[in-house]
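A.B. asks: So here's model.txt (compact mmCIF, C-alpha atoms).
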```txt
# COMPACT_ATOMS: atom_id res chain seq x y z
CA MET Z 1 122.54 95.21 101.66
CA ARG Z 2 124.36 94.87 104.99
CA VAL Z 3 123.73 97.23 107.88
CA CYS Z 4 126.54 99.77 107.71
CA MET Z 5 127.30 102.02 110.65
CA ILE Z 6 128.42 105.51 109.71
CA ARG Z 7 132.12 105.26 108.79
CA ALA Z 8 132.43 107.82 106.01
CA MET Z 9 131.52 110.58 108.48
CA HIS Z 10 132.29 110.68 112.18
CA THR Z 11 129.91 112.09 114.76
CA ASP Z 12 131.75 115.41 115.22
CA PRO Z 13 131.56 116.45 111.53
CA ILE Z 14 127.88 115.48 111.44
CA VAL Z 15 127.22 117.54 114.55
CA ARG Z 16 129.09 120.51 113.10
CA PHE Z 17 127.05 120.19 109.91
CA ARG Z 18 123.80 120.08 111.89
CA ARG Z 19 124.75 123.12 113.94
CA ALA Z 20 125.79 125.04 110.84
CA LEU Z 21 122.33 124.38 109.37
CA HIS Z 22 120.72 125.46 112.64
CA ALA Z 23 122.62 128.75 112.54
CA ASP Z 24 121.53 129.49 108.96
CA PRO Z 25 117.85 128.48 108.72
CA GLU Z 26 115.73 129.23 105.65
CA LEU Z 27 111.97 129.40 105.21
CA SER Z 28 109.88 127.04 103.12
CA GLY Z 29 110.64 127.29 99.41
CA ALA Z 30 113.72 129.45 100.00
CA GLU Z 31 116.17 126.76 101.15
CA HIS Z 32 118.89 127.84 98.69
CA ARG Z 33 121.90 127.83 101.02
CA THR Z 34 120.55 124.69 102.67
CA HIS Z 35 120.43 123.03 99.24
CA ASP Z 36 124.03 123.98 98.55
CA ALA Z 37 125.21 122.80 101.98
CA ILE Z 38 123.56 119.41 101.47
CA ARG Z 39 125.01 119.14 97.97
CA ALA Z 40 128.51 119.80 99.32
CA GLU Z 41 128.09 117.01 101.86
CA LEU Z 42 126.73 114.60 99.26
CA GLU Z 43 129.75 115.17 97.03
CA HIS Z 44 131.65 113.11 99.58
CA ALA Z 45 129.03 110.35 99.70
CA ALA Z 46 127.09 109.95 96.47
CA PRO Z 47 128.48 108.67 93.15
CA ALA Z 48 128.81 111.25 90.37
CA GLY Z 49 125.66 111.67 88.34
CA ARG Z 50 123.39 110.14 91.00
CA VAL Z 51 122.40 113.34 92.73
CA PHE Z 52 119.30 115.19 91.49
CA GLU Z 53 119.64 118.88 92.35
CA HIS Z 54 116.89 121.51 92.65
CA LEU Z 55 114.26 118.80 92.87
CA GLY Z 56 110.85 120.41 93.25
CA GLY Z 57 112.60 123.76 93.66
CA THR Z 58 115.21 123.55 96.41
CA GLY Z 59 115.19 119.81 97.09
CA LEU Z 60 117.71 117.10 96.27
CA ALA Z 61 117.77 113.33 95.93
CA ALA Z 62 120.78 111.02 96.27
CA VAL Z 63 120.18 107.66 94.61
CA PHE Z 64 122.21 104.52 95.40
CA GLY Z 65 122.18 101.02 93.97
CA PRO Z 66 121.96 99.69 90.42
CA GLU Z 67 119.97 101.78 87.96
CA SER Z 68 118.45 98.57 86.61
CA ALA Z 69 116.93 97.67 90.00
CA ARG Z 70 113.17 97.30 89.93
CA ARG Z 71 112.67 97.85 93.66
CA THR Z 72 113.02 101.34 95.13
CA VAL Z 73 113.08 102.39 98.76
CA VAL Z 74 112.66 106.10 99.55
CA PHE Z 75 113.75 107.84 102.74
CA ARG Z 76 112.35 111.38 102.84
CA ILE Z 77 113.97 114.21 104.82
CA ASP Z 78 112.44 117.67 105.42
CA THR Z 79 114.80 120.66 105.32
CA ASP Z 80 112.88 123.92 105.95
CA ALA Z 81 112.71 126.19 109.00
CA LEU Z 82 109.98 128.30 110.63
CA PRO Z 83 109.20 132.04 111.01
CA ILE Z 84 110.06 132.09 114.74
CA VAL Z 85 112.50 134.27 116.69
CA GLU Z 86 114.95 131.90 118.39
CA ARG Z 87 115.52 132.18 122.14
CA SER Z 88 117.44 128.94 122.75
CA GLY Z 89 120.60 130.69 123.86
CA ALA Z 90 122.70 128.13 121.95
CA ALA Z 91 126.07 129.18 120.59
CA HIS Z 92 124.87 128.03 117.17
CA ALA Z 93 121.51 129.84 117.42
CA SER Z 94 119.97 131.31 114.28
CA ARG Z 95 121.81 134.21 112.69
CA ASN Z 96 118.76 135.03 110.57
CA PRO Z 97 116.27 137.31 112.36
CA GLY Z 98 112.83 135.80 112.71
CA VAL Z 99 113.77 132.41 111.23
CA MET Z 100 114.52 129.30 113.28
CA HIS Z 101 114.89 125.54 113.02
CA ALA Z 102 112.27 125.03 115.71
CA CYS Z 103 111.03 121.68 114.35
CA GLY Z 104 114.33 119.81 114.07
CA HIS Z 105 114.60 119.67 110.32
CA ASP Z 106 118.28 120.54 110.68
CA GLY Z 107 118.68 117.32 112.65
CA HIS Z 108 116.63 115.35 110.13
CA THR Z 109 118.89 116.66 107.36
CA ALA Z 110 122.00 115.61 109.27
CA ILE Z 111 120.51 112.13 109.69
CA GLY Z 112 119.88 111.96 105.93
CA VAL Z 113 123.48 112.94 105.15
CA ALA Z 114 124.75 110.31 107.60
CA VAL Z 115 122.55 107.65 105.98
CA ALA Z 116 123.87 108.67 102.55
CA ALA Z 117 127.42 108.22 103.83
CA GLY Z 118 126.55 104.73 105.02
CA LEU Z 119 125.04 103.83 101.66
CA ALA Z 120 128.13 105.09 99.86
CA ALA Z 121 130.32 102.87 102.03
CA ASP Z 122 128.04 99.84 101.56
CA PRO Z 123 125.76 100.37 98.51
CA PRO Z 124 122.74 98.13 97.99
CA ALA Z 125 123.33 95.29 95.55
CA ASP Z 126 119.89 94.81 94.05
CA THR Z 127 117.71 97.70 95.27
CA ARG Z 128 117.55 101.38 94.38
CA VAL Z 129 117.60 103.58 97.52
CA ALA Z 130 116.70 107.26 97.25
CA ILE Z 131 117.45 109.72 100.03
CA VAL Z 132 115.13 112.64 99.27
CA PHE Z 133 115.82 116.02 100.88
CA GLN Z 134 112.46 117.74 100.52
CA PRO Z 135 111.81 121.49 100.90
CA ALA Z 136 108.70 123.29 102.13
CA GLU Z 137 107.23 120.66 104.43
CA GLU Z 138 105.94 123.27 106.87
CA THR Z 139 103.64 124.81 104.25
CA GLY Z 140 102.45 121.52 102.78
CA GLU Z 141 103.82 122.43 99.35
CA GLY Z 142 107.14 120.58 99.18
CA ALA Z 143 106.04 116.98 98.72
CA ALA Z 144 103.69 117.88 95.88
CA ALA Z 145 106.45 119.88 94.17
CA VAL Z 146 108.97 117.03 94.44
CA LEU Z 147 106.47 114.45 93.16
CA ALA Z 148 105.53 116.75 90.26
CA ASP Z 149 109.15 117.20 89.17
CA PRO Z 150 109.60 115.38 85.81
CA ARG Z 151 112.79 113.77 87.15
CA TRP Z 152 110.84 111.95 89.85
CA ARG Z 153 110.19 109.16 87.34
CA SER Z 154 113.93 108.57 87.16
CA ILE Z 155 114.12 108.31 90.94
CA VAL Z 156 111.14 105.97 91.34
CA PRO Z 157 110.54 104.45 87.91
CA GLU Z 158 108.14 101.75 89.17
CA PRO Z 159 105.91 102.99 92.02
CA ALA Z 160 104.28 99.55 92.23
CA ALA Z 161 107.63 98.20 93.46
CA ALA Z 162 108.43 101.09 95.82
CA MET Z 163 108.14 101.76 99.53
CA GLY Z 164 108.79 104.98 101.47
CA PHE Z 165 109.73 106.04 104.98
CA ALA Z 166 110.14 109.27 106.95
CA LEU Z 167 110.82 110.14 110.56
CA HIS Z 168 110.18 113.08 112.84
CA ASN Z 169 111.79 113.76 116.19
CA MET Z 170 109.41 113.90 119.15
CA PRO Z 171 110.23 115.91 122.29
CA GLY Z 172 108.63 114.57 125.45
CA GLU Z 173 109.50 110.95 124.58
CA PRO Z 174 112.65 109.19 125.83
CA LEU Z 175 115.62 109.63 123.50
CA GLY Z 176 115.48 106.99 120.77
CA ARG Z 177 112.01 105.61 121.52
CA VAL Z 178 110.21 104.77 118.26
CA LEU Z 179 106.48 105.48 117.93
CA VAL Z 180 104.63 104.02 114.94
CA ARG Z 181 101.14 102.77 114.14
CA GLU Z 182 99.21 101.39 111.20
CA GLY Z 183 96.56 103.50 109.51
CA VAL Z 184 96.19 107.22 110.10
CA PHE Z 185 99.35 108.59 111.72
CA ALA Z 186 98.94 112.37 111.20
CA CYS Z 187 95.84 114.40 110.38
CA ALA Z 188 94.78 116.12 107.19
CA SER Z 189 94.48 119.88 107.58
CA VAL Z 190 93.93 123.13 105.73
CA GLY Z 191 93.98 126.81 106.64
CA VAL Z 192 90.97 128.92 105.62
CA ARG Z 193 91.03 132.72 105.38
CA VAL Z 194 87.89 134.85 105.01
CA ALA Z 195 87.60 138.56 104.21
CA MET Z 196 84.15 140.17 104.59
CA ARG Z 197 83.05 143.60 103.40
CA GLY Z 198 79.76 145.37 103.98
CA ARG Z 199 78.60 148.72 105.43
CA SER Z 200 79.65 150.43 108.58
CA ALA Z 201 77.05 151.17 111.25
CA HIS Z 202 76.71 153.04 114.51
CA ALA Z 203 78.22 151.14 117.40
CA SER Z 204 74.84 151.29 119.17
CA LYS Z 205 73.42 149.03 116.43
CA PRO Z 206 76.20 146.45 115.81
CA HIS Z 207 73.81 143.82 114.49
CA ASP Z 208 72.44 145.88 111.62
CA PRO Z 209 72.52 143.89 108.36
CA GLY Z 210 75.74 144.53 106.50
CA CYS Z 211 77.88 145.01 109.62
CA ALA Z 212 81.00 142.88 109.40
CA MET Z 213 81.54 142.93 113.17
CA ALA Z 214 78.37 140.94 113.74
CA ALA Z 215 79.37 138.35 111.14
CA LEU Z 216 82.82 138.06 112.68
CA GLY Z 217 81.29 137.43 116.10
CA ARG Z 218 79.12 134.64 114.74
CA LEU Z 219 82.11 132.96 113.09
CA VAL Z 220 84.26 133.17 116.21
CA GLU Z 221 81.45 131.76 118.34
CA ARG Z 222 80.13 129.00 116.09
CA SER Z 223 83.08 127.68 114.07
CA PRO Z 224 84.80 125.69 116.88
CA ARG Z 225 81.59 123.66 117.33
CA LEU Z 226 81.37 122.56 113.70
CA PRO Z 227 83.01 119.11 114.23
CA GLU Z 228 80.45 118.27 116.93
CA GLY Z 229 77.57 118.85 114.55
CA LEU Z 230 79.16 116.47 112.04
CA GLY Z 231 79.92 113.80 114.62
CA LEU Z 232 83.68 114.17 114.02
CA THR Z 233 85.06 113.58 117.50
CA ARG Z 234 88.72 113.72 116.38
CA ALA Z 235 88.35 116.78 114.16
CA LEU Z 236 89.07 120.41 114.98
CA CYS Z 237 88.14 123.86 113.72
CA THR Z 238 90.51 126.26 115.42
CA PRO Z 239 90.19 130.04 114.97
CA VAL Z 240 93.69 131.49 114.58
CA HIS Z 241 92.96 135.12 113.62
CA ALA Z 242 90.12 137.62 113.81
CA ALA Z 243 90.25 141.35 113.17
CA ALA Z 244 87.87 144.19 112.46
CA GLY Z 245 87.74 147.94 112.76
CA ASP Z 246 90.01 150.49 114.40
CA ALA Z 247 90.97 150.43 118.06
CA GLY Z 248 90.04 154.12 118.30
CA GLY Z 249 86.77 153.92 116.41
CA PHE Z 250 84.48 153.63 119.44
CA GLY Z 251 81.40 154.88 117.64
CA ILE Z 252 81.66 152.67 114.57
CA SER Z 253 80.73 149.06 113.93
CA PRO Z 254 83.16 148.31 111.10
CA ALA Z 255 82.39 147.52 107.48
CA GLU Z 256 85.24 145.03 107.02
CA ALA Z 257 86.48 142.01 108.95
CA GLN Z 258 88.94 139.16 108.54
CA PHE Z 259 88.76 135.67 109.99
CA ALA Z 260 91.09 132.69 109.69
CA CYS Z 261 90.95 129.17 111.06
CA THR Z 262 92.60 125.79 110.70
CA LEU Z 263 90.60 122.65 109.95
CA ARG Z 264 91.90 119.21 110.99
CA ALA Z 265 90.49 115.72 110.55
CA GLU Z 266 91.78 112.15 110.51
CA SER Z 267 90.90 111.54 106.87
CA ASP Z 268 90.80 113.55 103.68
CA ALA Z 269 87.09 112.74 103.35
CA ASP Z 270 86.30 114.04 106.86
CA LEU Z 271 88.30 117.18 106.13
CA ASP Z 272 86.18 117.73 103.02
CA ARG Z 273 83.01 117.40 105.15
CA LEU Z 274 84.37 119.89 107.66
CA ARG Z 275 85.39 122.28 104.87
CA ALA Z 276 81.88 122.14 103.35
CA ALA Z 277 80.30 122.80 106.76
CA LEU Z 278 82.54 125.81 107.31
CA HIS Z 279 81.68 127.24 103.91
CA GLY Z 280 77.99 126.90 104.81
CA LEU Z 281 78.56 128.64 108.14
CA ILE Z 282 80.42 131.50 106.47
CA GLU Z 283 77.62 131.99 103.97
CA ASP Z 284 75.03 131.99 106.75
CA ALA Z 285 77.02 134.24 109.10
CA ALA Z 286 77.90 136.80 106.44
CA GLU Z 287 74.23 137.75 105.81
CA GLY Z 288 74.79 139.28 102.39
CA LEU Z 289 78.26 140.67 102.95
CA ALA Z 290 80.76 140.40 100.12
CA VAL Z 291 82.99 137.44 100.97
CA GLU Z 292 86.42 136.41 99.71
CA LEU Z 293 87.56 132.95 100.82
CA SER Z 294 90.94 131.34 100.26
CA GLU Z 295 92.66 128.15 101.42
CA HIS Z 296 96.30 127.73 102.46
CA GLU Z 297 98.78 125.08 103.60
CA ALA Z 298 96.71 122.03 102.65
CA PHE Z 299 97.97 118.68 103.97
CA ALA Z 300 96.66 115.24 103.11
CA ALA Z 301 96.29 112.72 105.94
CA THR Z 302 99.37 110.56 106.47
CA VAL Z 303 98.24 106.92 106.39
CA ASN Z 304 100.77 104.24 107.28
CA ASP Z 305 100.91 100.99 105.34
CA PRO Z 306 100.90 97.84 107.58
CA ALA Z 307 103.85 96.20 105.79
CA ALA Z 308 105.94 99.36 106.04
CA VAL Z 309 105.05 99.70 109.73
CA ALA Z 310 106.14 96.10 110.33
CA ILE Z 311 109.53 96.93 108.82
CA VAL Z 312 109.98 99.94 111.12
CA ARG Z 313 109.09 97.84 114.15
CA ALA Z 314 111.46 95.05 113.15
CA ALA Z 315 114.31 97.48 112.47
CA ALA Z 316 113.82 99.26 115.80
CA THR Z 317 113.77 95.95 117.67
CA GLU Z 318 116.93 94.87 115.86
CA ALA Z 319 118.56 98.16 116.87
CA GLY Z 320 117.61 97.62 120.51
CA LEU Z 321 115.28 100.62 120.61
CA ASP Z 322 112.04 100.80 122.56
CA VAL Z 323 109.02 100.62 120.22
CA THR Z 324 105.52 101.72 121.13
CA GLU Z 325 102.27 102.67 119.41
CA PRO Z 326 100.57 106.05 119.82
CA SER Z 327 97.04 105.65 121.18
CA ALA Z 328 95.64 107.79 118.36
CA ALA Z 329 96.74 109.68 115.28
CA TYR Z 330 98.74 112.83 115.89
CA ARG Z 331 96.71 116.02 115.53
CA TRP Z 332 99.49 117.77 113.61
CA SER Z 333 99.92 117.35 109.85
CA GLU Z 334 102.83 116.21 107.66
CA ASP Z 335 103.01 116.44 103.89
CA PHE Z 336 104.65 113.01 103.68
CA GLY Z 337 101.07 111.81 103.25
CA ARG Z 338 101.37 112.74 99.57
CA PHE Z 339 104.11 110.15 99.13
CA GLY Z 340 101.76 107.61 100.68
CA GLY Z 341 99.31 108.34 97.89
CA ARG Z 342 101.88 106.98 95.39
CA PHE Z 343 103.22 103.84 97.12
CA PRO Z 344 103.16 102.15 100.56
CA CYS Z 345 104.78 104.35 103.20
CA ALA Z 346 105.32 104.73 106.92
CA LEU Z 347 105.99 107.86 108.95
CA PHE Z 348 107.22 107.35 112.50
CA THR Z 349 108.45 109.51 115.34
CA ILE Z 350 111.57 109.00 117.42
CA GLY Z 351 111.98 110.39 120.93
CA ALA Z 352 114.12 113.51 121.30
CA GLY Z 353 114.22 113.42 125.11
CA VAL Z 354 111.78 113.89 127.95
CA ASP Z 355 112.95 117.37 128.99
CA VAL Z 356 113.46 118.84 125.52
CA PRO Z 357 111.30 121.92 124.65
CA ALA Z 358 108.33 121.15 122.41
CA LEU Z 359 108.40 121.43 118.64
CA HIS Z 360 107.93 125.03 117.42
CA ASP Z 361 109.04 126.30 120.85
CA ASP Z 362 111.43 129.25 120.48
CA ARG Z 363 113.91 127.46 122.83
CA TYR Z 364 114.02 124.21 120.85
CA ASP Z 365 117.33 122.78 119.63
CA PHE Z 366 117.58 119.33 118.05
CA PRO Z 367 119.52 116.90 120.30
CA ASP Z 368 122.78 115.91 118.61
CA ALA Z 369 122.76 112.61 120.51
CA LEU Z 370 119.83 111.47 118.36
CA ILE Z 371 121.65 111.66 115.02
CA GLU Z 372 123.66 108.44 115.26
CA PRO Z 373 120.92 106.09 116.60
CA ALA Z 374 118.40 107.49 114.11
CA ALA Z 375 120.80 107.01 111.18
CA SER Z 376 121.57 103.47 112.31
CA LEU Z 377 117.84 102.74 112.56
CA ILE Z 378 117.19 104.08 109.05
CA ASN Z 379 120.01 101.95 107.65
CA ARG Z 380 118.25 98.91 109.09
CA VAL Z 381 114.87 100.05 107.76
CA LEU Z 382 116.31 100.44 104.26
CA ARG Z 383 117.94 97.01 104.37
CA LEU Z 384 114.75 95.27 105.47
CA ALA Z 385 112.58 97.23 103.02
CA GLY Z 386 114.92 96.37 100.17
CA ARG Z 387 113.94 92.74 100.61
CA THR Z 388 110.20 93.38 100.48
CA ALA Z 389 109.56 96.51 98.37
```
Show me this structure written as C-alpha cells.

C.D. replies:
Amino acid sequence: MRVCMIRAMHTDPIVRFRRALHADPELSGAEHRTHDAIRAELEHAAPAGRVFEHLGGTGLAAVFGPESARRTVVFRIDTDALPIVERSGAAHASRNPGVMHACGHDGHTAIGVAVAAGLAADPPADTRVAIVFQPAEETGEGAAAVLADPRWRSIVPEPAAAMGFALHNMPGEPLGRVLVREGVFACASVGVRVAMRGRSAHASKPHDPGCAMAALGRLVERSPRLPEGLGLTRALCTPVHAAAGDAGGFGISPAEAQFACTLRAESDADLDRLRAALHGLIEDAAEGLAVELSEHEAFAATVNDPAAVAIVRAAATEAGLDVTEPSAAYRWSEDFGRFGGRFPCALFTIGAGVDVPALHDDRYDFPDALIEPAASLINRVLRLAGRTA
C-alpha cells in the first residue's frame, strides 16, 4: 500500500464538512445525523457493500482491501459531542443548545473521512483496513457496543492478525507534534454515585446517628485521601457532587444526601482496589443509613503495545513531524482501551496548537490546519502496520 495524499477530497470540502459537524453536534449514543453525514461522505470514498452502518448503534465502519486478507488494521475515530454550552464565537458554532464539540471529535471525524478518501484512491493490496467511526466515547459505552456488534467479526475476522490505532488532538502542544508512549497511555476510571437515606435531626445535633449530613461530611473529607492509604501515587478520587437538605431548612439536619465522585488509576487492577476502598469508606461513613450505590461511565486503562507504538513513531518521523514521549500516562480516560483488550493497539495525541483553548473548554474549536497532516500521518501508519499486523 503506497502512501496516498488526499486527492479524492480537497482541503476546503473537508473543512466545510468538519464545520458542518461542529455546528450540529450530538450527544453520546444519539449521533443519528452525524451517522448520516458520515455515510454521505463515505458514499464518495468506499466501495459499495463495504460500509457497515449503525455499528454498535450509531457507528459506522468503512473497510478497504481484499476480503480474503488475513491481516487487519483498524483506525478508530470518535464522533460524539459534549453537554456544554458553546462560547467560541465561531461562525460555525453549535446550533444545538447545550451541546458542543468541545473535544474535537468533529475534527477526528473529518480526518477519518479524509483517510477513507485516500484509501479509496489507493486501496491496500494485501491488507484489510477498517476505518471505524465510533459513537459514545465520552461516556465509555461506544467501544464496548461496537465490539459487541455481531458484524464486528466480519470487520476483524482474525484478531490475532490485527492491530489498531487511534488519535486525539492535544491543545497546548505545537501543531502536529506527536506524543506517544509504550504501556499505560490513559487511565482507567469510573464514576460512583451514592444516595443515603436516614432520619432527620435537629441542626443542633448534626452528628446524631442516622443523619445523612454527617455521613456526607465524612465522605467529602475522607474520600480524596483514599489513594494515599493504598499507596497509589498516580490515582485519584475526586468528589464531583455533594448535596443534602434545603437551603432554607436552618433548623434541620437532613435525612437524605447524595454524593458522587470519579475514581482514576493507571491500571484496571488499581482501579478495582480503589473502588473496593471507596465502598468500604461508604459503608463506614453511612453508619446504618440506607445506601444506594451505582457506577457510571466506566473506562478501561488504555495500554499501548510496543510494536504499535514503534509504527506510530516511524510514521511520524517519515512525515517530518516532531515526536516526543509524555513523561507519564494521561490522567484522562479513553474507551479505546477496550480495543486494546482484543488486539495490539496504540493511542497517541497530536498537537492542536500552543494557544488553543483546552479540551472541554466552552471556547474550543478544532484547528482545521490539523486535518491534512493528521490524515497524511494516519495513511503512513496504516501502510507500515499493514506490513506487520

A.B. asks: Extract, using all atoms listed in the file, all DNA, RNA and protein residues at most 8 Å from Z:Cys237, discarding same-chain residues fewer than 4 positions from it, and format them as a list in words.

C.D. replies: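 That gives Ser223, Pro224, Arg225, Leu226, Pro227, Cys261, Thr262, Leu263 and Arg264 of chain Z.
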
A.B. asks: Against stretch 66-81 of chain Z, which residues of stretch 89-181 of chain Z fall within 8 Å? For each one I want the closest pair of atoms and the distance in Å (one decimal), counting only C-alpha atoms, rows by chain and increasing residue number, as a Markdown table.

C.D. replies:
```
| residue | atom | partner | partner_atom | distance |
| --- | --- | --- | --- | --- |
| Z:Val99 | CA | Z:Ala81 | CA | 6.7 |
| Z:Met100 | CA | Z:Ala81 | CA | 5.6 |
| Z:His101 | CA | Z:Ala81 | CA | 4.6 |
| Z:Ala102 | CA | Z:Ala81 | CA | 6.8 |
| Z:Cys103 | CA | Z:Ala81 | CA | 7.2 |
| Z:His105 | CA | Z:Thr79 | CA | 5.1 |
| Z:Asp106 | CA | Z:Thr79 | CA | 6.4 |
| Z:His108 | CA | Z:Ile77 | CA | 6.0 |
| Z:Thr109 | CA | Z:Ile77 | CA | 6.1 |
| Z:Gly112 | CA | Z:Ile77 | CA | 6.4 |
| Z:Pro124 | CA | Z:Pro66 | CA | 7.8 |
| Z:Ala125 | CA | Z:Pro66 | CA | 6.9 |
| Z:Asp126 | CA | Z:Ala69 | CA | 5.8 |
| Z:Thr127 | CA | Z:Arg71 | CA | 5.3 |
| Z:Arg128 | CA | Z:Thr72 | CA | 4.6 |
| Z:Val129 | CA | Z:Val73 | CA | 4.8 |
| Z:Ala130 | CA | Z:Val74 | CA | 4.8 |
| Z:Ile131 | CA | Z:Phe75 | CA | 5.0 |
| Z:Val132 | CA | Z:Arg76 | CA | 4.7 |
| Z:Phe133 | CA | Z:Ile77 | CA | 4.7 |
| Z:Gln134 | CA | Z:Asp78 | CA | 4.9 |
| Z:Pro135 | CA | Z:Thr79 | CA | 5.4 |
| Z:Ala136 | CA | Z:Asp80 | CA | 5.7 |
| Z:Glu137 | CA | Z:Asp78 | CA | 6.1 |
| Z:Glu138 | CA | Z:Asp80 | CA | 7.0 |
| Z:Val156 | CA | Z:Thr72 | CA | 6.3 |
| Z:Pro157 | CA | Z:Arg70 | CA | 7.9 |
| Z:Glu158 | CA | Z:Arg70 | CA | 6.8 |
| Z:Pro159 | CA | Z:Thr72 | CA | 7.9 |
| Z:Ala161 | CA | Z:Arg71 | CA | 5.1 |
| Z:Ala162 | CA | Z:Thr72 | CA | 4.6 |
| Z:Met163 | CA | Z:Val73 | CA | 5.0 |
| Z:Gly164 | CA | Z:Val74 | CA | 4.5 |
| Z:Phe165 | CA | Z:Phe75 | CA | 4.9 |
| Z:Ala166 | CA | Z:Arg76 | CA | 5.1 |
| Z:Leu167 | CA | Z:Ile77 | CA | 7.7 |
```

A.B. asks: Please produce a file of the residues just selected, as a tab-separated table (two decimals), keeping the file's coordinate frame, where the atoms kept are C-alpha atoms.

C.D. replies:
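Result written to part32.tsv:
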```tsv
chain	number	residue	atom	x	y	z
Z	99	VAL	CA	113.77	132.41	111.23
Z	100	MET	CA	114.52	129.30	113.28
Z	101	HIS	CA	114.89	125.54	113.02
Z	102	ALA	CA	112.27	125.03	115.71
Z	103	CYS	CA	111.03	121.68	114.35
Z	105	HIS	CA	114.60	119.67	110.32
Z	106	ASP	CA	118.28	120.54	110.68
Z	108	HIS	CA	116.63	115.35	110.13
Z	109	THR	CA	118.89	116.66	107.36
Z	112	GLY	CA	119.88	111.96	105.93
Z	124	PRO	CA	122.74	98.13	97.99
Z	125	ALA	CA	123.33	95.29	95.55
Z	126	ASP	CA	119.89	94.81	94.05
Z	127	THR	CA	117.71	97.70	95.27
Z	128	ARG	CA	117.55	101.38	94.38
Z	129	VAL	CA	117.60	103.58	97.52
Z	130	ALA	CA	116.70	107.26	97.25
Z	131	ILE	CA	117.45	109.72	100.03
Z	132	VAL	CA	115.13	112.64	99.27
Z	133	PHE	CA	115.82	116.02	100.88
Z	134	GLN	CA	112.46	117.74	100.52
Z	135	PRO	CA	111.81	121.49	100.90
Z	136	ALA	CA	108.70	123.29	102.13
Z	137	GLU	CA	107.23	120.66	104.43
Z	138	GLU	CA	105.94	123.27	106.87
Z	156	VAL	CA	111.14	105.97	91.34
Z	157	PRO	CA	110.54	104.45	87.91
Z	158	GLU	CA	108.14	101.75	89.17
Z	159	PRO	CA	105.91	102.99	92.02
Z	161	ALA	CA	107.63	98.20	93.46
Z	162	ALA	CA	108.43	101.09	95.82
Z	163	MET	CA	108.14	101.76	99.53
Z	164	GLY	CA	108.79	104.98	101.47
Z	165	PHE	CA	109.73	106.04	104.98
Z	166	ALA	CA	110.14	109.27	106.95
Z	167	LEU	CA	110.82	110.14	110.56
```

A.B. asks: Atom CA of Z:Thr388 and atom CA of Z:Ile311 are how many Å apart?

C.D. replies: 9.1 Å

A.B. asks: Contacts between stretch 362-368 of chain Z and stretch 8-96 of chain Z, please, where a residue of stretch 8-96 of chain Z counts if it comes within 7 Å (with all atoms listed in the file); show its shortest atom pair and distance in Å to one decimal, rows by chain and ascending number, as a Markdown table.

C.D. replies:
```
| residue | atom | partner | partner_atom | distance |
| --- | --- | --- | --- | --- |
| Z:Val15 | CA | Z:Asp368 | CA | 6.2 |
| Z:Ile84 | CA | Z:Asp362 | CA | 6.5 |
| Z:Val85 | CA | Z:Asp362 | CA | 6.4 |
| Z:Glu86 | CA | Z:Asp362 | CA | 4.9 |
| Z:Arg87 | CA | Z:Arg363 | CA | 5.0 |
| Z:Ser88 | CA | Z:Arg363 | CA | 3.8 |
```

A.B. asks: Just how far from atom CA of Z:Arg197 is atom CA of Z:Glu256, in Å to one decimal?

C.D. replies: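 Separation of atom CA of Z:Glu256 and atom CA of Z:Arg197: 4.5 Å.
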
A.B. asks: Quote the spacing between atom CA of Z:Arg222 and atom CA of Z:Asp272 in Å to one decimal place.

C.D. replies: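 So the answer is 18.3 Å.
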
A.B. asks: Which is closest to Z:Gly340 among Z:Glu318, Z:Glu53, Z:Asp355, Z:Asp305, if we use only C-alpha atoms?

C.D. replies: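 Counting only C-alpha atoms, the residue closest to Z:Gly340 is Z:Asp305.
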
A.B. asks: Using all atoms listed in the file, determine which residues lie at most 7 Å from Z:Val309, disregarding the query and same-chain residues fewer than 6 positions distant; provide the list as a short mmCIF file (atom, residue, chain, number, x, y, z; two decimals) with C-alpha atoms, keeping the file's coordinate frame.

C.D. replies:
```cif
data_model
loop_
_atom_site.label_atom_id
_atom_site.label_comp_id
_atom_site.auth_asym_id
_atom_site.auth_seq_id
_atom_site.Cartn_x
_atom_site.Cartn_y
_atom_site.Cartn_z
CA VAL Z 180 104.63 104.02 114.94
CA ARG Z 181 101.14 102.77 114.14
CA GLU Z 182 99.21 101.39 111.20
CA ALA Z 346 105.32 104.73 106.92
#
```

A.B. asks: Return the single residue from Z:Ala260, Z:Ala369, Z:Val184, Z:Ala329 that is closest to Z:Asp12, with distances computed using only C-alpha atoms.

C.D. replies: Z:Ala369

A.B. asks: Measuring between only C-alpha atoms, which one of Z:Asp284, Z:Ile371, Z:Gly140, Z:Thr324 shows the shortest distance to Z:Pro13?

C.D. replies: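 When distances to Z:Pro13 are compared using only C-alpha atoms, the smallest one comes from Z:Ile371.
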
A.B. asks: Select, from Z:Pro97, Z:Gly107, Z:Gly65, Z:Gly249, the residue with the minimum atom-to-atom distance to Z:Ala121, counting all atoms listed in the file.

C.D. replies: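 Smallest separation from Z:Ala121 among the options: Z:Gly65.
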
A.B. asks: From the list Z:Ala316, Z:Met170, Z:Ile155, Z:Ala160, which residue is nearest Z:Pro373 when using only C-alpha atoms?

C.D. replies: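 Result for the nearest residue to Z:Pro373: Z:Ala316.
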
A.B. asks: Got a sec: who's within 7 Å of Z:Ser267, counting all atoms listed in the file, leaving out chain neighbours fewer than 3 positions off, as a list in words?

C.D. replies: Cys187, Ala188, Asp270, Leu271 and Ala301 of chain Z

A.B. asks: Z:Val190, Z:Ala285, Z:Ala375, Z:Ala117: which is nearest Z:Thr139, counting all atoms listed in the file?

C.D. replies: Z:Val190
